[in-house]
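Q: Okay, so here is data_36.tsv, and as you'll see once you scroll down, it has TSV, C-alpha atoms.
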chain	number	residue	atom	x	y	z
A	19	MET	CA	0.00	0.00	0.00
A	20	SER	CA	1.63	3.23	-1.10
A	21	SER	CA	1.85	6.19	1.20
A	22	LYS	CA	-0.35	8.10	-1.23
A	23	GLU	CA	-3.38	6.05	-0.29
A	24	VAL	CA	-4.60	7.84	2.80
A	25	ALA	CA	-7.59	7.08	4.97
A	26	CYS	CA	-8.09	3.51	3.77
A	27	PHE	CA	-9.77	1.22	6.06
A	28	LEU	CA	-9.61	-2.47	5.93
A	29	SER	CA	-12.71	-4.53	6.31
A	30	TYR	CA	-12.92	-8.23	5.95
A	31	ASP	CA	-15.25	-10.33	3.87
A	32	VAL	CA	-16.32	-13.82	4.86
A	33	THR	CA	-13.19	-15.45	3.46
A	34	GLY	CA	-11.02	-13.31	5.67
A	35	VAL	CA	-9.49	-11.55	2.67
A	36	PRO	CA	-8.95	-7.92	3.53
A	37	TRP	CA	-10.85	-5.38	1.44
A	38	GLN	CA	-9.48	-1.94	0.92
A	39	ASN	CA	-11.27	1.31	0.25
A	40	ILE	CA	-9.45	3.09	-2.52
A	41	GLU	CA	-9.08	6.85	-2.72
A	42	PHE	CA	-8.78	8.31	-6.13
A	43	LYS	CA	-6.70	11.39	-6.50
A	44	PRO	CA	-7.56	13.96	-9.19
A	45	VAL	CA	-6.37	12.45	-12.41
A	46	SER	CA	-4.67	14.89	-14.71
A	47	ARG	CA	-5.59	13.00	-17.80
A	48	VAL	CA	-6.51	14.27	-21.20
A	49	VAL	CA	-10.24	13.85	-21.55
A	50	PHE	CA	-11.09	15.73	-24.72
A	51	THR	CA	-9.27	15.31	-27.95
A	52	SER	CA	-9.28	17.50	-31.00
A	53	CYS	CA	-11.40	14.87	-32.74
A	54	SER	CA	-14.34	15.56	-30.46
A	55	LEU	CA	-14.53	19.13	-31.79
A	56	HIS	CA	-16.40	18.02	-34.87
A	57	LEU	CA	-19.34	16.67	-32.92
A	58	THR	CA	-21.87	19.15	-34.04
A	59	GLY	CA	-24.67	18.87	-31.56
A	60	MET	CA	-24.84	18.46	-27.86
A	61	ALA	CA	-27.61	16.11	-26.92
A	62	ASP	CA	-29.32	16.85	-23.63
A	63	GLU	CA	-28.80	14.40	-20.79
A	64	SER	CA	-32.50	13.67	-20.50
A	65	LEU	CA	-32.61	12.29	-24.05
A	66	PHE	CA	-30.48	9.37	-23.02
A	67	ASP	CA	-32.68	8.72	-20.00
A	68	PHE	CA	-35.83	8.69	-22.13
A	69	LEU	CA	-34.20	6.52	-24.77
A	70	HIS	CA	-32.86	4.05	-22.24
A	71	MET	CA	-36.23	3.64	-20.52
A	72	GLU	CA	-37.95	3.09	-23.82
A	73	ILE	CA	-35.35	0.55	-24.91
A	74	VAL	CA	-35.88	-1.43	-21.70
A	75	SER	CA	-39.62	-1.23	-22.15
A	76	HIS	CA	-39.38	-2.34	-25.77
A	77	ILE	CA	-37.11	-5.31	-25.08
A	78	TYR	CA	-39.42	-6.61	-22.36
A	79	LYS	CA	-42.58	-6.00	-24.37
A	80	GLU	CA	-41.16	-7.86	-27.36
A	81	GLN	CA	-40.20	-10.84	-25.24
A	82	GLN	CA	-43.64	-10.84	-23.69
A	83	SER	CA	-45.69	-10.51	-26.85
A	84	SER	CA	-45.45	-14.15	-27.79
A	85	LYS	CA	-46.12	-15.50	-24.34
A	86	GLY	CA	-48.10	-13.26	-22.02
A	87	GLU	CA	-46.13	-13.86	-18.86
A	88	LEU	CA	-42.37	-13.67	-18.66
A	89	ASP	CA	-40.57	-16.54	-17.00
A	90	ASN	CA	-37.07	-16.36	-15.62
A	91	LYS	CA	-35.58	-17.58	-18.87
A	92	ASP	CA	-37.29	-14.76	-20.78
A	93	ARG	CA	-36.08	-12.23	-18.28
A	94	ALA	CA	-32.56	-13.57	-18.63
A	95	VAL	CA	-32.81	-13.08	-22.39
A	96	CYS	CA	-33.92	-9.49	-21.93
A	97	VAL	CA	-31.11	-8.77	-19.51
A	98	SER	CA	-28.65	-10.38	-21.88
A	99	VAL	CA	-29.82	-8.30	-24.85
A	100	LEU	CA	-29.61	-5.10	-22.84
A	101	GLU	CA	-26.22	-6.03	-21.48
A	102	SER	CA	-24.77	-6.70	-24.90
A	103	MET	CA	-26.13	-3.41	-26.23
A	104	GLY	CA	-24.45	-1.69	-23.32
A	105	PHE	CA	-21.25	-3.57	-24.04
A	106	ARG	CA	-20.93	-2.09	-27.55
A	107	VAL	CA	-21.73	1.37	-26.24
A	108	GLY	CA	-19.14	1.05	-23.47
A	109	GLN	CA	-16.49	0.06	-25.99
A	110	GLY	CA	-17.30	3.04	-28.18
A	111	LEU	CA	-17.32	5.47	-25.29
A	112	ILE	CA	-14.02	4.39	-23.79
A	113	GLU	CA	-12.37	4.52	-27.19
A	114	ARG	CA	-13.28	8.19	-27.60
A	115	LEU	CA	-12.34	9.00	-24.05
A	116	THR	CA	-8.90	7.46	-24.00
A	117	ARG	CA	-7.78	8.17	-27.54
A	118	ASP	CA	-4.89	10.38	-26.52
A	119	SER	CA	-4.35	9.10	-23.02
A	120	PRO	CA	-1.17	7.46	-21.89
A	121	SER	CA	-1.56	3.80	-21.05
A	122	PHE	CA	-2.45	2.69	-17.54
A	123	LYS	CA	0.19	1.38	-15.24
A	124	ASP	CA	-1.87	-1.40	-13.66
A	125	GLU	CA	-5.33	-2.83	-13.11
A	126	LEU	CA	-6.04	-0.57	-10.15
A	127	ASP	CA	-5.12	2.46	-12.24
A	128	VAL	CA	-7.67	1.36	-14.83
A	129	MET	CA	-10.36	0.93	-12.18
A	130	LYS	CA	-9.68	4.36	-10.75
A	131	PHE	CA	-10.04	5.85	-14.22
A	132	VAL	CA	-13.33	4.06	-14.67
A	133	CYS	CA	-14.55	5.33	-11.32
A	134	LYS	CA	-13.56	8.89	-11.99
A	135	ASP	CA	-13.26	10.01	-15.61
A	136	PHE	CA	-15.39	7.34	-17.23
A	137	TRP	CA	-18.14	7.39	-14.64
A	138	THR	CA	-18.32	11.19	-14.86
A	139	LYS	CA	-18.59	11.04	-18.63
A	140	VAL	CA	-21.25	8.39	-18.69
A	141	PHE	CA	-23.11	8.63	-15.39
A	142	ARG	CA	-22.53	12.32	-14.69
A	143	ARG	CA	-20.73	11.92	-11.40
A	144	GLN	CA	-17.90	9.95	-9.87
A	145	VAL	CA	-18.23	6.66	-8.10
A	146	ASP	CA	-18.63	7.39	-4.39
A	147	ASN	CA	-16.68	4.44	-3.11
A	148	LEU	CA	-14.32	1.89	-4.63
A	149	ARG	CA	-13.35	-1.20	-2.72
A	150	THR	CA	-11.14	-4.07	-3.75
A	151	ASN	CA	-9.78	-7.26	-2.33
A	152	HIS	CA	-6.67	-6.82	-4.49
A	153	GLN	CA	-7.49	-10.15	-6.04
A	154	GLY	CA	-9.35	-8.91	-9.08
A	155	THR	CA	-12.70	-8.09	-7.48
A	156	TYR	CA	-13.87	-4.50	-7.23
A	157	VAL	CA	-17.03	-3.01	-5.82
A	158	LEU	CA	-18.04	0.37	-7.20
A	159	GLN	CA	-20.65	2.19	-5.19
A	160	ASP	CA	-22.65	5.03	-6.66
A	161	ASN	CA	-25.08	6.52	-4.15
A	162	LYS	CA	-27.09	8.46	-6.70
A	163	PHE	CA	-26.91	6.29	-9.76
A	164	SER	CA	-28.16	8.41	-12.62
A	165	LEU	CA	-30.25	5.70	-14.25
A	166	LEU	CA	-32.09	5.02	-11.01
A	167	THR	CA	-32.82	8.51	-9.76
A	168	GLN	CA	-35.86	8.77	-12.01
A	169	LEU	CA	-37.27	5.48	-10.80
A	170	SER	CA	-37.65	6.04	-7.11
A	171	SER	CA	-35.83	6.66	-3.89
A	172	GLY	CA	-36.14	4.00	-1.28
A	173	LYS	CA	-37.62	0.61	-1.80
A	174	GLN	CA	-40.36	1.31	-4.30
A	175	TYR	CA	-39.87	-0.52	-7.61
A	176	LEU	CA	-36.84	-2.33	-6.21
A	177	ASP	CA	-37.78	-5.43	-8.18
A	178	GLN	CA	-37.69	-3.37	-11.37
A	179	ALA	CA	-34.18	-2.11	-10.78
A	180	PRO	CA	-32.30	-5.02	-12.42
A	181	LYS	CA	-33.98	-4.21	-15.75
A	182	TYR	CA	-32.58	-0.73	-15.60
A	183	LEU	CA	-29.10	-1.79	-14.63
A	184	ALA	CA	-28.40	-4.41	-17.28
A	185	PHE	CA	-27.41	-1.89	-19.92
A	186	SER	CA	-25.09	-0.08	-17.52
A	187	CYS	CA	-23.38	-3.31	-16.50
A	188	GLY	CA	-22.72	-3.88	-20.18
A	189	VAL	CA	-21.33	-0.37	-20.57
A	190	VAL	CA	-18.85	-0.96	-17.78
A	191	ARG	CA	-17.89	-4.37	-19.11
A	192	GLY	CA	-17.44	-2.96	-22.61
A	193	ALA	CA	-15.25	-0.14	-21.36
A	194	LEU	CA	-13.05	-2.53	-19.40
A	195	SER	CA	-12.85	-4.86	-22.36
A	196	ASN	CA	-11.37	-2.14	-24.55
A	197	LEU	CA	-8.95	-1.30	-21.77
A	198	GLY	CA	-7.69	-4.85	-21.90
A	199	LEU	CA	-9.63	-6.28	-18.98
A	200	ASP	CA	-12.08	-9.13	-19.36
A	201	SER	CA	-14.65	-9.00	-16.63
A	202	VAL	CA	-17.99	-10.04	-15.27
A	203	VAL	CA	-20.04	-7.08	-14.11
A	204	THR	CA	-23.13	-7.34	-11.96
A	205	ALA	CA	-25.14	-4.76	-10.08
A	206	GLU	CA	-27.02	-4.83	-6.85
A	207	VAL	CA	-29.47	-2.36	-5.36
A	208	SER	CA	-30.89	-2.37	-1.88
A	209	VAL	CA	-32.05	1.19	-1.55
A	210	MET	CA	-32.61	3.30	-4.63
A	211	PRO	CA	-30.91	5.23	-6.08
A	212	SER	CA	-27.80	3.79	-4.47
A	213	CYS	CA	-26.21	1.01	-6.47
A	214	LYS	CA	-23.20	-1.29	-6.20
A	215	PHE	CA	-21.46	-2.64	-9.26
A	216	GLN	CA	-19.32	-5.68	-8.75
A	217	VAL	CA	-16.52	-6.15	-11.24
A	218	VAL	CA	-14.66	-9.45	-11.27
A	219	ILE	CA	-11.65	-9.37	-13.53
A	220	GLN	CA	-11.25	-12.63	-15.38
A	221	LYS	CA	-7.74	-13.93	-15.39
A	222	LEU	CA	-6.72	-15.70	-18.57
B	5	MET	CA	-4.62	18.05	-27.31
B	6	SER	CA	-6.62	18.82	-24.23
B	7	ARG	CA	-9.35	21.41	-24.20
B	8	GLN	CA	-10.47	23.34	-21.17
B	9	SER	CA	-14.08	24.39	-21.36
B	10	ASN	CA	-16.64	25.20	-18.74
B	11	ARG	CA	-18.11	22.34	-16.79
B	12	THR	CA	-21.74	22.55	-17.93
B	13	THR	CA	-20.80	22.54	-21.59
B	14	ASP	CA	-18.54	19.57	-21.01
B	15	SER	CA	-21.07	17.38	-19.27
B	16	LYS	CA	-23.81	18.05	-21.80
B	17	LYS	CA	-21.47	17.47	-24.69
B	18	MET	CA	-20.12	14.27	-23.26
B	19	ASN	CA	-23.59	12.88	-23.04
B	20	SER	CA	-24.14	13.41	-26.73
B	21	GLU	CA	-21.90	10.44	-27.38
B	22	LEU	CA	-23.72	8.25	-24.91
B	23	PHE	CA	-27.00	9.08	-26.58
B	24	THR	CA	-25.81	8.67	-30.16
B	25	LEU	CA	-23.96	5.44	-29.42
B	26	THR	CA	-26.96	4.04	-27.57
B	27	TYR	CA	-29.20	5.01	-30.44
B	28	GLY	CA	-26.85	3.24	-32.82
B	29	ALA	CA	-26.92	0.13	-30.65
B	30	LEU	CA	-30.71	0.25	-30.69
B	31	VAL	CA	-30.92	0.48	-34.48
B	32	THR	CA	-28.42	-2.37	-34.78
B	33	GLN	CA	-30.47	-4.51	-32.41
B	34	LEU	CA	-33.71	-3.76	-34.26
B	35	CYS	CA	-32.08	-4.69	-37.56
B	36	LYS	CA	-31.17	-8.01	-36.00
B	37	ASP	CA	-34.65	-8.58	-34.59
B	38	TYR	CA	-36.73	-7.61	-37.60
B	39	GLU	CA	-36.50	-8.96	-41.11
B	40	ASN	CA	-36.80	-5.82	-43.12
B	41	ASP	CA	-36.11	-2.10	-43.00
B	42	GLU	CA	-39.79	-1.19	-43.12
B	43	GLU	CA	-40.43	-3.05	-39.90
B	44	VAL	CA	-37.42	-1.41	-38.25
B	45	ASN	CA	-38.66	2.00	-39.37
B	46	LYS	CA	-42.04	1.22	-37.85
B	47	GLN	CA	-40.51	0.15	-34.54
B	48	LEU	CA	-38.37	3.26	-34.38
B	49	ASP	CA	-41.43	5.39	-35.00
B	50	LYS	CA	-43.40	3.56	-32.30
B	51	MET	CA	-40.61	3.88	-29.76
B	52	GLY	CA	-40.20	7.51	-30.66
B	53	TYR	CA	-43.90	8.03	-30.08
B	54	ASN	CA	-43.64	6.49	-26.61
B	55	ILE	CA	-40.74	8.79	-25.83
B	56	GLY	CA	-42.50	11.83	-27.27
B	57	VAL	CA	-45.57	11.50	-25.07
B	58	ARG	CA	-43.29	11.73	-22.04
B	59	LEU	CA	-40.76	14.17	-23.42
B	60	ILE	CA	-43.40	16.83	-23.94
B	61	GLU	CA	-43.92	17.16	-20.19
B	62	ASP	CA	-40.20	17.59	-19.65
B	63	PHE	CA	-40.15	20.16	-22.42
B	64	LEU	CA	-43.10	22.15	-21.13
B	65	ALA	CA	-41.68	22.14	-17.62
B	66	ARG	CA	-38.27	23.33	-18.69
B	67	SER	CA	-39.14	25.79	-21.39
B	68	SER	CA	-42.20	27.47	-19.87
B	69	ILE	CA	-43.57	27.97	-23.35
B	70	GLY	CA	-47.26	28.79	-23.39
B	71	ARG	CA	-49.83	27.45	-25.81
B	72	CYS	CA	-48.97	28.10	-29.45
B	73	GLN	CA	-51.48	30.19	-31.35
B	74	ASP	CA	-51.02	28.53	-34.70
B	75	PHE	CA	-48.99	26.00	-36.61
B	76	ARG	CA	-46.38	28.58	-37.58
B	77	GLU	CA	-45.67	29.29	-33.95
B	78	THR	CA	-45.52	25.56	-33.28
B	79	ALA	CA	-42.92	25.21	-36.01
B	80	ASP	CA	-40.79	27.96	-34.51
B	81	VAL	CA	-40.98	26.49	-31.05
B	82	ILE	CA	-40.01	23.06	-32.33
B	83	ALA	CA	-37.03	24.37	-34.26
B	84	LYS	CA	-35.73	27.12	-32.03
B	85	VAL	CA	-36.55	25.81	-28.58
B	86	ALA	CA	-37.09	22.05	-28.61
B	87	PHE	CA	-34.39	20.99	-31.06
B	88	LYS	CA	-31.99	23.44	-29.46
B	89	MET	CA	-32.74	22.16	-25.98
B	90	TYR	CA	-32.55	18.47	-26.71
B	91	LEU	CA	-30.21	18.07	-29.63
B	92	GLY	CA	-28.21	21.27	-29.51
B	93	VAL	CA	-29.02	22.11	-33.12
B	94	THR	CA	-31.48	24.60	-34.62
B	95	PRO	CA	-33.03	23.46	-37.88
B	96	SER	CA	-34.38	26.07	-40.24
B	97	VAL	CA	-38.12	26.18	-40.91
B	98	THR	CA	-38.90	26.40	-44.62
B	99	ASN	CA	-41.03	25.17	-47.52
B	100	TRP	CA	-44.38	26.17	-46.09
B	101	SER	CA	-47.35	24.87	-48.02
B	102	PRO	CA	-49.75	27.56	-49.35
B	103	ALA	CA	-52.37	26.47	-46.83
B	104	GLY	CA	-49.86	26.85	-44.00
B	105	ASP	CA	-50.41	23.31	-42.80
B	106	GLU	CA	-47.14	21.77	-43.84
B	107	PHE	CA	-43.48	22.78	-43.44
B	108	SER	CA	-39.97	21.42	-43.46
B	109	LEU	CA	-37.28	21.36	-40.84
B	110	ILE	CA	-33.88	21.45	-42.48
B	111	LEU	CA	-30.94	20.14	-40.52
B	112	GLU	CA	-27.46	20.75	-41.86
B	113	ASN	CA	-26.16	18.29	-39.34
B	114	ASN	CA	-28.08	15.50	-37.66
B	115	PRO	CA	-26.45	14.66	-34.32
B	116	LEU	CA	-27.91	11.15	-34.38
B	117	VAL	CA	-25.78	10.18	-37.32
B	118	ASP	CA	-22.33	11.20	-36.12
B	119	PHE	CA	-19.97	8.43	-37.12
B	120	VAL	CA	-22.78	6.44	-38.74
B	121	GLU	CA	-22.74	4.88	-42.17
B	122	LEU	CA	-25.53	2.80	-43.60
B	123	PRO	CA	-24.45	-0.55	-44.96
B	124	ASP	CA	-25.58	-1.33	-48.53
B	125	ASN	CA	-28.27	-3.80	-47.63
B	126	HIS	CA	-30.23	-1.20	-45.62
B	127	SER	CA	-31.04	1.31	-48.30
B	128	THR	CA	-34.61	1.82	-47.15
B	129	LEU	CA	-33.79	2.17	-43.49
B	130	VAL	CA	-34.76	5.54	-42.07
B	131	TYR	CA	-32.08	5.59	-39.42
B	132	SER	CA	-33.37	8.59	-37.50
B	133	ASN	CA	-37.02	7.62	-37.66
B	134	LEU	CA	-37.24	7.79	-33.89
B	135	LEU	CA	-37.35	11.57	-34.27
B	136	CYS	CA	-40.53	11.38	-36.32
B	137	GLY	CA	-42.24	9.36	-33.62
B	138	VAL	CA	-41.02	11.73	-30.90
B	139	LEU	CA	-42.45	14.75	-32.69
B	140	ARG	CA	-45.72	12.98	-33.42
B	141	GLY	CA	-46.13	11.75	-29.83
B	142	ALA	CA	-45.20	15.06	-28.27
B	143	LEU	CA	-47.58	17.06	-30.45
B	144	GLU	CA	-50.41	14.61	-29.85
B	145	MET	CA	-50.14	15.43	-26.16
B	146	VAL	CA	-50.78	19.06	-26.99
B	147	GLN	CA	-53.82	18.19	-29.05
B	148	MET	CA	-52.25	18.19	-32.50
B	149	ALA	CA	-52.36	15.23	-34.85
B	150	VAL	CA	-49.45	15.52	-37.26
B	151	ASP	CA	-47.77	13.46	-39.88
B	152	VAL	CA	-43.98	13.50	-39.73
B	153	ARG	CA	-41.58	11.97	-42.17
B	154	PHE	CA	-38.06	12.31	-43.51
B	155	ALA	CA	-37.98	13.86	-46.96
B	156	GLN	CA	-34.19	13.97	-47.22
B	157	ASP	CA	-31.52	12.13	-45.28
B	158	THR	CA	-27.77	12.76	-45.34
B	159	LEU	CA	-27.23	9.09	-44.59
B	160	ARG	CA	-28.85	8.25	-47.91
B	161	GLY	CA	-26.76	10.66	-49.88
B	162	ASP	CA	-28.79	13.86	-49.64
B	163	ASN	CA	-27.08	17.14	-48.84
B	164	VAL	CA	-29.25	17.92	-45.88
B	165	THR	CA	-31.66	16.21	-43.58
B	166	GLU	CA	-35.23	17.34	-44.14
B	167	ILE	CA	-38.12	16.49	-41.87
B	168	ARG	CA	-41.53	17.25	-43.32
B	169	MET	CA	-44.33	17.99	-40.85
B	170	LYS	CA	-47.98	18.15	-41.80
B	171	PHE	CA	-50.85	19.23	-39.60
B	172	ILE	CA	-53.71	16.76	-39.78
B	173	LYS	CA	-56.22	17.98	-37.23
B	174	ARG	CA	-56.84	19.21	-33.75
B	175	ILE	CA	-57.43	16.44	-31.20
B	176	GLU	CA	-60.31	16.71	-28.76
B	177	GLU	CA	-59.03	17.04	-25.19
B	178	ASN	CA	-61.10	14.23	-23.71
B	179	LEU	CA	-59.64	11.49	-25.87
B	180	PRO	CA	-57.20	9.46	-23.84
B	181	ALA	CA	-53.89	8.80	-25.54
B	182	GLY	CA	-52.01	5.70	-24.60
B	183	ASP	CA	-48.84	3.89	-25.52
B	184	GLU	CA	-48.95	1.95	-28.72
Show how you would write the structure in this file as structure tokens.
A:
Amino acid sequence: MSSKEVACFLSYDVTGVPWQNIEFKPVSRVVFTSCSLHLTGMADESLFDFLHMEIVSHIYKEQQSSKGELDNKDRAVCVSVLESMGFRVGQGLIERLTRDSPSFKDELDVMKFVCKDFWTKVFRRQVDNLRTNHQGTYVLQDNKFSLLTQLSSGKQYLDQAPKYLAFSCGVVRGALSNLGLDSVVTAEVSVMPSCKFQVVIQKL
Amino acid sequence: MSRQSNRTTDSKKMNSELFTLTYGALVTQLCKDYENDEEVNKQLDKMGYNIGVRLIEDFLARSSIGRCQDFRETADVIAKVAFKMYLGVTPSVTNWSPAGDEFSLILENNPLVDFVELPDNHSTLVYSNLLCGVLRGALEMVQMAVDVRFAQDTLRGDNVTEIRMKFIKRIEENLPAGDE
């Protein structure tokens, strides 16, 4: 643990492996490149929110139309479709964001970038808390996750939350993929709009 | 080369990519799910409609625009306020029909199609058809039935993107409008 990482506290999970809270320092990284200057319009944030909700609605309606009720297998298909859409978007986004950036020195460096620069670009704020067991598992906590704030605060519609997180999990997985990290990304919500993304880096 | 700009411009601009990439992923997925371009166009229009009926509330809340007196005023509000607010572009309003019930919105640049190219086997795909549905759905919520279609599309080789809007009729207030 470098002396730069201040105020970390160790907590232990059930296996006794110590988890560490990671601080991210301001990253002086190039975010905009000259290529982004030719983007002609600036779409409003709300457009994405509306589009995303409608996409979720569409995917579930389509799956339902042939059957009436959705069973778990159908729901898994919907989640999978949303996740893979998010994956492609995540790849595209990270490509634009890191075009002129220097390469990352290690896995933790990548995760910090995701929590700070990438999260700000995509989800309009930084991750509130990053924890890791230093064995390839990271938990990213966002207390006001932008795709959930419109749904509810508290416990209402909690069972709906997974539908609205599938795409985002894909976005994170896609971003990491283009940064050279294969991962499995899942999300968990207990109180909206706070959300925890678990990233497990797959070792080859 | 890094660029320092003010924070609000940055965050809104950054989200343009998220929106356009997501839209692209949607069109790609629809092309996979449906056999032909016509069906994809229809789905885009339907989804746009569902978005439009909700977007209008957001628009009215944020713009504090009052009721439009006539279709000409509606056209101006759409071009100068709505497009500006949501897509950051201001189309020009032209080609009014003699009866004043039809006009065109001309977009030099369509933000939806940044970095997009249509493959050869999708020549009848109206990539941005979601916009037509959005406009139709939004206007229906303010009691106007309109027909909206793309007359020109830069993705299909035209110089500009032209959206043609035609006023059909006034909708009675007590008719419920639902999702399609």
Q: Could you tell me how far CA of Val207 (chain A) sits from CA of Tyr175 (chain A), in Å to one decimal place?
A: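 CA of Tyr175 (chain A) sits 10.8 Å away from CA of Val207 (chain A).
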Q: Which residue gives the smallest distance to chain B among A:Gly110, A:Pro36, A:Gly188, A:Gly86, with only C-alpha atoms counted?
A: A:Gly110
Q: Which of these residues is nearest to Glu121 (chain B), using only C-alpha atoms: B:Ala149, B:Leu159, B:Val138, B:Ile82?
A: B:Leu159
Q: At what distance in Å, to one decimal, does CA of Cys187 (chain A) lie from CA of Ser119 (chain A)?
A: 23.6 Å
Q: One number please: CA of Arg160 (chain B) to CA of Leu111 (chain B), in Å, one decimal.
A: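 It comes out at 14.2 Å.
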Q: Counting all atoms listed in the file, figure out which residue out of B:Lys50, B:Arg153, B:Lys170, B:His126 gets nearest to chain A.
A: B:Lys50
Q: Ranking B:Val130, B:Ala86, B:Ile172, B:Leu25 by minimum distance to Ile60 (chain B) and counting all atoms listed in the file, which one comes first?
A: B:Ala86
Q: Between A:His70, A:Lys123, A:Lys79, A:Lys134, single out the one closest to chain B, counting all atoms listed in the file.
A: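 The closest residue to chain B is A:His70.
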Q: Could you tell me which of A:Arg149, A:Lys162, A:Arg142, A:Lys85 comes closest to chain B if we count all atoms listed in the file?
A: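 Residue with the minimum atom-to-atom distance to chain B: A:Arg142.
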Q: Report as a PyMOL selection string all protein, DNA and RNA residues lying within 12 Å of region 146-148 of chain A, evaluated on all atoms listed in the file, omitting residues in the same chain fewer than 3 positions from it.
A: chain A and resi 26-27+37-42+126-127+129-134+137-138+141+143+151-152+155-163+212-217
